[in-house]
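Undergrad: Can you keep this structure in mind? I'll have questions shortly.
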Amino acid sequence: MTPDRRLTPANARVADPSLRETWPGVDYVDPEPFSVHWPLVDLMNVPEGHRERQLLFGDAVDVYEVHKGWAFVRSVKDGYVGYVPNSSLAQCPAPTHRVTAASSHIYRLADIKSMDVMRLSHGCLLHVIDTSNGFAQTADGYIPLQHLGPLDEKQADPVVEAELYLDTPYLWGGNSRFGIDCSGLMQASLLACGIACPGDSDLQEQDLGTTLGPNDPHRRGDLIFWKGHVAMVIDETRMIHANAHAMATCYEDIAAGIARIEQQGGGPVTSRKRILEDSNE
């Protein structure tokens, strides 16, 4: 079986030691832990290549090599591999908090009138040094406390998390409130609830949940899959998805959406998966 390049920590020069028997002719290196220290960075298929996914501030990565200014990395949260500028990475203290608002700002001072120095998306991870006057202090500045939640505090309803992205512009490979695609929306929503989730829709369909039968009713939080697309069920008649038809994250009637996608060449539904054991309605 041909290894999935997206999940195989190997290139023409280096590979993870676990691939010693299957990826000959390279150096086998133990990766070094780093964190993303830009608000957002594209994870590319090759240096100067095209965006496959994105990594957020605070995301942990394993670095296998740095070559001509590009780091070959594996994302810890989902195993996705690719290239990011080495300057986007740093060795930072372990995160303590997650951005739970749709987006936020880091300010130079603990003052809303202070200069903002960084804009962060929902899901970014931060190490909080101290808290006072309604702000959390980080090494980079101050962020409003009401925009944060402790890292070990998981959200209860992925639909609520998905709804934070309503009207977010559609962006192929996007993973943030500033631009997101269908699988990025599912991953952000599920990770916020402590549910491990791959990066792409085909991997999500393969790995997540329990397959539903044709007569099983839609339930809040279920995922609907097509070839190359995924949506999340809101209730018996509505779904939410990031899609190129609207060029945004939006609600859509399930039956109408299924018919539209097939009519436009996206094919029929390939599966429905139940992620939550109990209804959150």
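Identifiers in the structure tokens: chain A, B, ... in order shown; residue index from 1 per chain; ligand index from 1 in order shown.
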Could the residues of segment 191-230 of chain A that have an atom at most 12 Å from segment 96-117 of chain A be listed as CSV, each with its closest atom pair and the distance in Å to one decimal, counting only C-alpha atoms and ordered by chain and ascending residue number?

TA:
residue,atom,partner,partner_atom,distance
A:Leu191,CA,A:Arg98,CA,10.8
A:Ala192,CA,A:Thr100,CA,8.1
A:Cys193,CA,A:Thr100,CA,10.9
A:Gly194,CA,A:Arg98,CA,11.8

Undergrad: For the interface of segment 140-203 of chain A with segment 34-57 of chain A (cut-off 9 Å, counting only C-alpha atoms), please tabulate each contacting residue of segment 140-203 of chain A alongside its nearest pair of atoms and their separation in Å to one decimal, rows sorted by chain and increasing number, as JSON lines.

TA:
{"residue": "A:Trp172", "atom": "CA", "partner": "A:Glu52", "partner_atom": "CA", "distance": 7.9}
{"residue": "A:Gly173", "atom": "CA", "partner": "A:Arg53", "partner_atom": "CA", "distance": 4.4}
{"residue": "A:Gly174", "atom": "CA", "partner": "A:Gln54", "partner_atom": "CA", "distance": 5.9}
{"residue": "A:Asn175", "atom": "CA", "partner": "A:Gln54", "partner_atom": "CA", "distance": 5.4}
{"residue": "A:Ser176", "atom": "CA", "partner": "A:Leu56", "partner_atom": "CA", "distance": 7.5}
{"residue": "A:Gly184", "atom": "CA", "partner": "A:Arg53", "partner_atom": "CA", "distance": 8.0}
{"residue": "A:Gly199", "atom": "CA", "partner": "A:Arg53", "partner_atom": "CA", "distance": 7.4}
{"residue": "A:Asp200", "atom": "CA", "partner": "A:Arg53", "partner_atom": "CA", "distance": 8.5}

Undergrad: A:Tyr83, A:Trp226, A:Tyr64, A:Tyr251: which is nearest Val26 of chain A, counting only C-alpha atoms?

TA: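 That would be A:Tyr64, the residue with the smallest distance to Val26 of chain A.
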
Undergrad: Go through A:Val269, A:Gly179, A:Ala242, A:Leu126 one by one, measure the shortest atom-to-atom distance of each to Pro214 of chain A using only C-alpha atoms, and give the residue with the smallest value.

TA: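 Comparing A:Val269, A:Gly179, A:Ala242, A:Leu126 against Pro214 of chain A, the winner is A:Val269.
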
Undergrad: What's the 9 Å shell around Trp23 of chain A, counting only C-alpha atoms, without same-chain residues fewer than 5 positions away, as a list in words?

TA: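 Residues meeting the cut-off are Ala10, Asn11 and Ala15 of chain A.
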
Undergrad: Save out the residues we just selected, N, CA, C and O atoms, as a compact mmCIF listing (two decimals), in the first residue's frame.

TA:
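Here's the written file result.txt:
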# COMPACT_ATOMS: atom_id res chain seq x y z
N ALA A 10 8.20 11.86 6.28
CA ALA A 10 9.40 11.51 5.53
C ALA A 10 9.45 12.35 4.27
O ALA A 10 8.42 12.67 3.67
N ASN A 11 10.68 12.69 3.86
CA ASN A 11 10.88 13.33 2.56
C ASN A 11 12.13 12.73 1.92
O ASN A 11 12.54 11.62 2.29
N ALA A 15 13.52 11.02 7.65
CA ALA A 15 12.29 10.29 7.97
C ALA A 15 12.27 9.99 9.45
O ALA A 15 13.32 9.95 10.12

Undergrad: Looking only at helix (DSSP H, G or I) from DSSP on the backbone, list the matching residues of segment 50-280 of chain A as a compact mmCIF listing (two decimals) with N, CA, C and O atoms, in the first residue's frame.

TA:
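This is the output file states-v3.txt:
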# COMPACT_ATOMS: atom_id res chain seq x y z
N ASN A 86 10.59 28.34 8.78
CA ASN A 86 11.17 28.07 10.09
C ASN A 86 10.97 29.24 11.03
O ASN A 86 10.86 29.06 12.25
N SER A 87 10.88 30.45 10.50
CA SER A 87 10.69 31.64 11.33
C SER A 87 9.33 31.68 12.00
O SER A 87 9.11 32.49 12.91
N SER A 88 8.40 30.81 11.57
CA SER A 88 7.07 30.78 12.20
C SER A 88 7.04 29.94 13.47
O SER A 88 6.01 29.89 14.14
N LEU A 145 -9.66 38.17 29.16
CA LEU A 145 -9.93 36.89 29.80
C LEU A 145 -11.20 36.23 29.28
O LEU A 145 -11.28 35.00 29.18
N GLN A 146 -12.21 37.04 28.94
CA GLN A 146 -13.47 36.44 28.50
C GLN A 146 -13.36 35.76 27.13
O GLN A 146 -14.27 35.07 26.71
N HIS A 147 -12.23 35.93 26.47
CA HIS A 147 -12.01 35.27 25.19
C HIS A 147 -11.25 33.95 25.33
O HIS A 147 -10.94 33.30 24.33
N PRO A 158 -20.35 20.56 19.63
CA PRO A 158 -19.60 20.99 18.45
C PRO A 158 -20.41 21.89 17.52
O PRO A 158 -19.82 22.67 16.77
N VAL A 159 -21.73 21.79 17.56
CA VAL A 159 -22.55 22.67 16.71
C VAL A 159 -22.37 24.12 17.15
O VAL A 159 -22.22 25.02 16.31
N VAL A 160 -22.36 24.36 18.45
CA VAL A 160 -22.14 25.72 18.95
C VAL A 160 -20.79 26.25 18.50
O VAL A 160 -20.65 27.42 18.11
N GLU A 161 -19.79 25.38 18.52
CA GLU A 161 -18.45 25.79 18.07
C GLU A 161 -18.45 26.08 16.57
O GLU A 161 -17.85 27.06 16.13
N ALA A 162 -19.13 25.27 15.79
CA ALA A 162 -19.20 25.50 14.35
C ALA A 162 -19.90 26.82 14.04
O ALA A 162 -19.53 27.53 13.10
N GLU A 163 -20.90 27.16 14.85
CA GLU A 163 -21.65 28.39 14.60
C GLU A 163 -20.81 29.64 14.85
O GLU A 163 -21.16 30.72 14.36
N CYS A 182 -14.44 23.10 4.53
CA CYS A 182 -15.39 22.20 5.18
C CYS A 182 -14.75 21.34 6.25
O CYS A 182 -15.27 21.22 7.37
N SER A 183 -13.61 20.75 5.93
CA SER A 183 -12.97 19.86 6.91
C SER A 183 -12.33 20.65 8.04
O SER A 183 -12.27 20.20 9.18
N GLY A 184 -11.84 21.87 7.73
CA GLY A 184 -11.30 22.72 8.77
C GLY A 184 -12.35 23.10 9.79
O GLY A 184 -12.08 23.16 11.00
N LEU A 185 -13.58 23.34 9.31
CA LEU A 185 -14.68 23.66 10.22
C LEU A 185 -15.00 22.49 11.13
O LEU A 185 -15.21 22.67 12.34
N MET A 186 -15.03 21.28 10.58
CA MET A 186 -15.30 20.11 11.40
C MET A 186 -14.20 19.91 12.44
O MET A 186 -14.47 19.64 13.62
N GLN A 187 -12.95 20.06 12.01
CA GLN A 187 -11.85 19.84 12.94
C GLN A 187 -11.86 20.86 14.07
O GLN A 187 -11.72 20.49 15.25
N ALA A 188 -12.04 22.14 13.74
CA ALA A 188 -12.05 23.17 14.79
C ALA A 188 -13.17 22.92 15.79
O ALA A 188 -12.98 23.07 17.01
N SER A 189 -14.33 22.52 15.30
CA SER A 189 -15.50 22.32 16.16
C SER A 189 -15.31 21.11 17.07
O SER A 189 -15.64 21.15 18.27
N LEU A 190 -14.76 20.03 16.53
CA LEU A 190 -14.60 18.82 17.32
C LEU A 190 -13.42 18.92 18.29
O LEU A 190 -13.51 18.47 19.44
N LEU A 191 -12.32 19.53 17.86
CA LEU A 191 -11.19 19.68 18.77
C LEU A 191 -11.56 20.52 19.98
O LEU A 191 -11.11 20.26 21.10
N ALA A 192 -12.40 21.54 19.78
CA ALA A 192 -12.83 22.37 20.91
C ALA A 192 -13.60 21.56 21.94
O ALA A 192 -13.65 21.92 23.12
N SER A 201 -11.43 15.81 4.84
CA SER A 201 -12.74 15.17 4.94
C SER A 201 -12.69 13.67 4.68
O SER A 201 -13.44 12.91 5.29
N ASP A 202 -11.82 13.20 3.77
CA ASP A 202 -11.75 11.76 3.52
C ASP A 202 -11.23 11.02 4.75
O ASP A 202 -11.70 9.93 5.09
N LEU A 203 -10.28 11.63 5.46
CA LEU A 203 -9.75 11.03 6.69
C LEU A 203 -10.78 11.09 7.80
O LEU A 203 -10.90 10.16 8.61
N GLN A 204 -11.54 12.16 7.84
CA GLN A 204 -12.61 12.28 8.84
C GLN A 204 -13.67 11.21 8.60
O GLN A 204 -14.15 10.57 9.54
N GLU A 205 -14.05 11.00 7.35
CA GLU A 205 -15.05 9.98 7.04
C GLU A 205 -14.54 8.60 7.41
O GLU A 205 -15.30 7.75 7.90
N GLN A 206 -13.25 8.38 7.21
CA GLN A 206 -12.64 7.08 7.50
C GLN A 206 -12.54 6.81 9.00
O GLN A 206 -12.77 5.68 9.45
N ASP A 207 -12.22 7.85 9.78
CA ASP A 207 -11.83 7.64 11.17
C ASP A 207 -12.88 7.99 12.22
O ASP A 207 -12.81 7.50 13.34
N ILE A 254 -30.98 20.58 4.69
CA ILE A 254 -30.26 19.35 4.37
C ILE A 254 -30.72 18.76 3.03
O ILE A 254 -29.90 18.47 2.15
N ALA A 255 -32.02 18.59 2.87
CA ALA A 255 -32.52 17.98 1.64
C ALA A 255 -32.17 18.82 0.42
O ALA A 255 -31.74 18.30 -0.62
N ALA A 256 -32.34 20.14 0.55
CA ALA A 256 -32.02 21.02 -0.57
C ALA A 256 -30.53 21.01 -0.87
O ALA A 256 -30.11 21.03 -2.04
N GLY A 257 -29.72 20.97 0.18
CA GLY A 257 -28.27 20.95 -0.01
C GLY A 257 -27.79 19.67 -0.68
O GLY A 257 -26.93 19.70 -1.55
N ILE A 258 -28.35 18.53 -0.25
CA ILE A 258 -27.99 17.26 -0.87
C ILE A 258 -28.33 17.27 -2.36
O ILE A 258 -27.53 16.86 -3.21
N ALA A 259 -29.52 17.77 -2.68
CA ALA A 259 -29.94 17.84 -4.08
C ALA A 259 -29.05 18.79 -4.87
O ALA A 259 -28.65 18.50 -6.01
N ARG A 260 -28.73 19.94 -4.29
CA ARG A 260 -27.90 20.93 -4.99
C ARG A 260 -26.51 20.40 -5.27
O ARG A 260 -25.98 20.54 -6.39
N ILE A 261 -25.89 19.77 -4.26
CA ILE A 261 -24.53 19.27 -4.42
C ILE A 261 -24.48 18.21 -5.52
O ILE A 261 -23.57 18.21 -6.36
N GLU A 262 -25.46 17.31 -5.53
CA GLU A 262 -25.47 16.29 -6.58
C GLU A 262 -25.70 16.91 -7.94
O GLU A 262 -25.03 16.55 -8.92
N GLN A 263 -26.60 17.86 -8.03
CA GLN A 263 -26.90 18.51 -9.30
C GLN A 263 -25.68 19.27 -9.84
O GLN A 263 -25.45 19.32 -11.06

Undergrad: Determine which residues of segment 20-136 of chain A DSSP labels as strand (DSSP E or B) from the backbone of this structure, then write them out as a PyMOL selection string.

TA: chain A and resi 27-28+32-36+40-44+51-56+60-67+70-75+81-85+89-90+97-99+103-107+116-121+125-126+130-132+135-136

Undergrad: What is the distance between atom CA of Leu151 of chain A and atom CA of Leu7 of chain A, in Å to one decimal?

TA: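 That distance, rounded to one decimal, is 25.5 Å.
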
Undergrad: So the first atom is atom CA of Pro17 of chain A and the second is atom CA of Val29 of chain A; what is the distance between them in Å, to one decimal place?

TA: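 For atom CA of Pro17 of chain A relative to atom CA of Val29 of chain A, the distance reads 6.1 Å.
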